[in-house]
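Note sheet for the following structure.
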Amino acid sequence: MRPRLRSIGAALTVGSLALLTAGCAPSAGEAGGDVVTIKVAATVTPMTDVVEAAAEVIEEGYEIELVPVSDYVQPNVLVENGEIDANFVQFVPFMEEFNTKNDASLAGVKPIYSTVVAFYSKTLASLDELPQGGSVVIPNDSANAARALQLLADESIITLDPNVERFTAKVADITENPRELTITQVDLLQLNTAYEEADAVFNLPSFARQLGLTPVDNGLAVEQDPQFAVTLVTREDKLGTPEIAALEKAFTSDHVRETLESLDVPPAF
């Protein structure tokens with residue numbers, strides 16, 4: 001039997017979190033245990049908005065409990081350990097990296113919305129304005145780092161080893177850096193802080209939104225690849241179970257689609 005992963009500094013326990021009940025369905029206690037509670041972790045908007053919207057339309061007999069988390073490792077640990085049923089925080093390549101590093105068995109259920117990533121700058125109007133010796137900040141997880149490096153290569157800012165598969169490059173795979181840029185990798189949660197200091201920062205839409213930035217209005221270079229759709233994730237052994245089937249149906253409902261569209265987020269289903 002594979003050992004359970006250790007929870008990393010969880011600030012909130014599952015039992016202490018607020019319950020989001022679908023429609024007017026009675027709570028599990030009031031229904032004598034007939035209502036099945038499905039626990040789903042999410043971080044920030046629009047992920048939390050999707051969970052809340054799904055909770056409003058999930059079919060009778062089920063309710064969704066939103067489990068707020070503050071990072072992108074904890075929700076995978078919680079699912080792998082069986083403490084929650086699913087999470088909604090990531091795209092599949094990020095999940096696969098977690099599986100590889102932790103001998104985990106997470107699986108994607110359904111892509112829900114597309115992420116439009118971009119490079120942003122407080123001082124530059126274009127990546128072509130990056131100065132000699134300028135500073136560029138990208139994420140430190142391999143999936144997002146590769147995505148950022150590929151975007152720089154597509155914009156002819158750097159050159160990547162042609163033998164490296166697309167969206168798999170590391171900083172070490174840069175073969176040409178004519179501007180002698182300093183490329184620094186930081187945790188996802190530090191990207192907004194880096195925006196205040198670096199010449200250019202790669203950022204995800206959920207974080208950029210907190211700075212009042214959007215890819216369409218502020219992105220210096222933009223990318224939207226379907227493999228990076230934010231995906232509902234569970235554990236492999238829960239795929240096909242009635243509760244996950246009900247969860248998928250709620251997450252792909254018209255109500256969730258309308259919620260995403262109201263936030264200018266492109267649905268992926």
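Here, A, B, ... name the chains of the structure tokens in the order displayed, residue numbers run from 1 inside each chain, and ligands are numbered from 1 in the same displayed order.
Residues within 9 Å of Pro215 in chain A, counting only C-alpha atoms and excluding same-chain residues fewer than 5 positions away, are A:Val116, A:Val117, A:Ala118, A:Phe119, A:Tyr120, A:Pro205, A:Ala208, A:Leu220, A:Ala221, A:Val222, A:Glu223.
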| message | For the structure I just gave you, how does DSSP split range 96-258 of chain A - specifically, which residues are strand (DSSP E)? Reply as an MDAnalysis selection string. | response | chainID A and resid 106:113 117:120 135:139 159:160 174:176 182:186 200:203 221:223 230:235
| message | For Thr159 in chain A, find every residue with an atom within 10 Å (counting only C-alpha atoms), except residues of its own chain fewer than 2 positions away, and show them as a list in words. | response | Leu149, Gln150, Leu152, Ala153, Asp154, Glu155, Ser156, Ile157, Asp161, Pro162, Asp173, Ile174, Thr175, Glu176, Asn177 and Pro178 of chain A
Could you dump the residues just selected with N, CA and C atoms as a PDB file, in the first residue's frame?
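Listing of out36.pdb after writing:
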```
ATOM      1  N   LEU A 149       9.067  30.057 -20.834  1.00  0.00           N
ATOM      2  CA  LEU A 149      10.238  30.035 -21.709  1.00  0.00           C
ATOM      3  C   LEU A 149       9.830  29.888 -23.171  1.00  0.00           C
ATOM      4  N   GLN A 150       8.813  29.056 -23.426  1.00  0.00           N
ATOM      5  CA  GLN A 150       8.347  28.891 -24.800  1.00  0.00           C
ATOM      6  C   GLN A 150       7.788  30.193 -25.352  1.00  0.00           C
ATOM      7  N   LEU A 152       8.715  33.234 -24.467  1.00  0.00           N
ATOM      8  CA  LEU A 152       9.874  34.089 -24.775  1.00  0.00           C
ATOM      9  C   LEU A 152      10.527  33.664 -26.088  1.00  0.00           C
ATOM     10  N   ALA A 153      10.618  32.358 -26.311  1.00  0.00           N
ATOM     11  CA  ALA A 153      11.209  31.867 -27.551  1.00  0.00           C
ATOM     12  C   ALA A 153      10.330  32.214 -28.753  1.00  0.00           C
ATOM     13  N   ASP A 154       9.013  32.075 -28.595  1.00  0.00           N
ATOM     14  CA  ASP A 154       8.095  32.411 -29.687  1.00  0.00           C
ATOM     15  C   ASP A 154       8.178  33.887 -30.057  1.00  0.00           C
ATOM     16  N   GLU A 155       8.548  34.716 -29.081  1.00  0.00           N
ATOM     17  CA  GLU A 155       8.688  36.147 -29.324  1.00  0.00           C
ATOM     18  C   GLU A 155      10.114  36.525 -29.739  1.00  0.00           C
ATOM     19  N   SER A 156      10.969  35.518 -29.970  1.00  0.00           N
ATOM     20  CA  SER A 156      12.362  35.709 -30.421  1.00  0.00           C
ATOM     21  C   SER A 156      13.210  36.481 -29.416  1.00  0.00           C
ATOM     22  N   ILE A 157      12.864  36.370 -28.138  1.00  0.00           N
ATOM     23  CA  ILE A 157      13.666  36.996 -27.091  1.00  0.00           C
ATOM     24  C   ILE A 157      14.828  36.084 -26.703  1.00  0.00           C
ATOM     25  N   ASP A 161      16.832  25.074 -27.116  1.00  0.00           N
ATOM     26  CA  ASP A 161      17.385  23.893 -27.778  1.00  0.00           C
ATOM     27  C   ASP A 161      16.301  23.270 -28.670  1.00  0.00           C
ATOM     28  N   PRO A 162      16.539  23.155 -29.970  1.00  0.00           N
ATOM     29  CA  PRO A 162      15.504  22.615 -30.867  1.00  0.00           C
ATOM     30  C   PRO A 162      15.175  21.151 -30.603  1.00  0.00           C
ATOM     31  N   ASP A 173      17.970  24.901 -20.958  1.00  0.00           N
ATOM     32  CA  ASP A 173      17.789  24.605 -22.381  1.00  0.00           C
ATOM     33  C   ASP A 173      17.857  25.861 -23.252  1.00  0.00           C
ATOM     34  N   ILE A 174      18.110  27.007 -22.645  1.00  0.00           N
ATOM     35  CA  ILE A 174      18.298  28.235 -23.430  1.00  0.00           C
ATOM     36  C   ILE A 174      19.657  28.164 -24.113  1.00  0.00           C
ATOM     37  N   THR A 175      19.657  28.269 -25.441  1.00  0.00           N
ATOM     38  CA  THR A 175      20.921  28.216 -26.185  1.00  0.00           C
ATOM     39  C   THR A 175      21.402  29.606 -26.587  1.00  0.00           C
ATOM     40  N   GLU A 176      20.484  30.552 -26.685  1.00  0.00           N
ATOM     41  CA  GLU A 176      20.858  31.926 -27.026  1.00  0.00           C
ATOM     42  C   GLU A 176      20.047  32.898 -26.173  1.00  0.00           C
ATOM     43  N   ASN A 177      20.752  33.846 -25.581  1.00  0.00           N
ATOM     44  CA  ASN A 177      20.140  34.879 -24.746  1.00  0.00           C
ATOM     45  C   ASN A 177      20.850  36.193 -25.077  1.00  0.00           C
ATOM     46  N   PRO A 178      20.592  36.714 -26.290  1.00  0.00           N
ATOM     47  CA  PRO A 178      21.386  37.843 -26.793  1.00  0.00           C
ATOM     48  C   PRO A 178      21.315  39.105 -25.933  1.00  0.00           C
TER      49      PRO A 178
END
```
| message | Residues near range 133-141 of chain A, anyone? I mean within 6 Å using only C-alpha atoms, not counting same-chain ones fewer than 4 positions away, as a PyMOL selection string. | response | chain A and resi 145+179-188+198-202
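Note that CA of Pro68 in chain A and CA of Thr43 in chain A are 5.8 Å apart.
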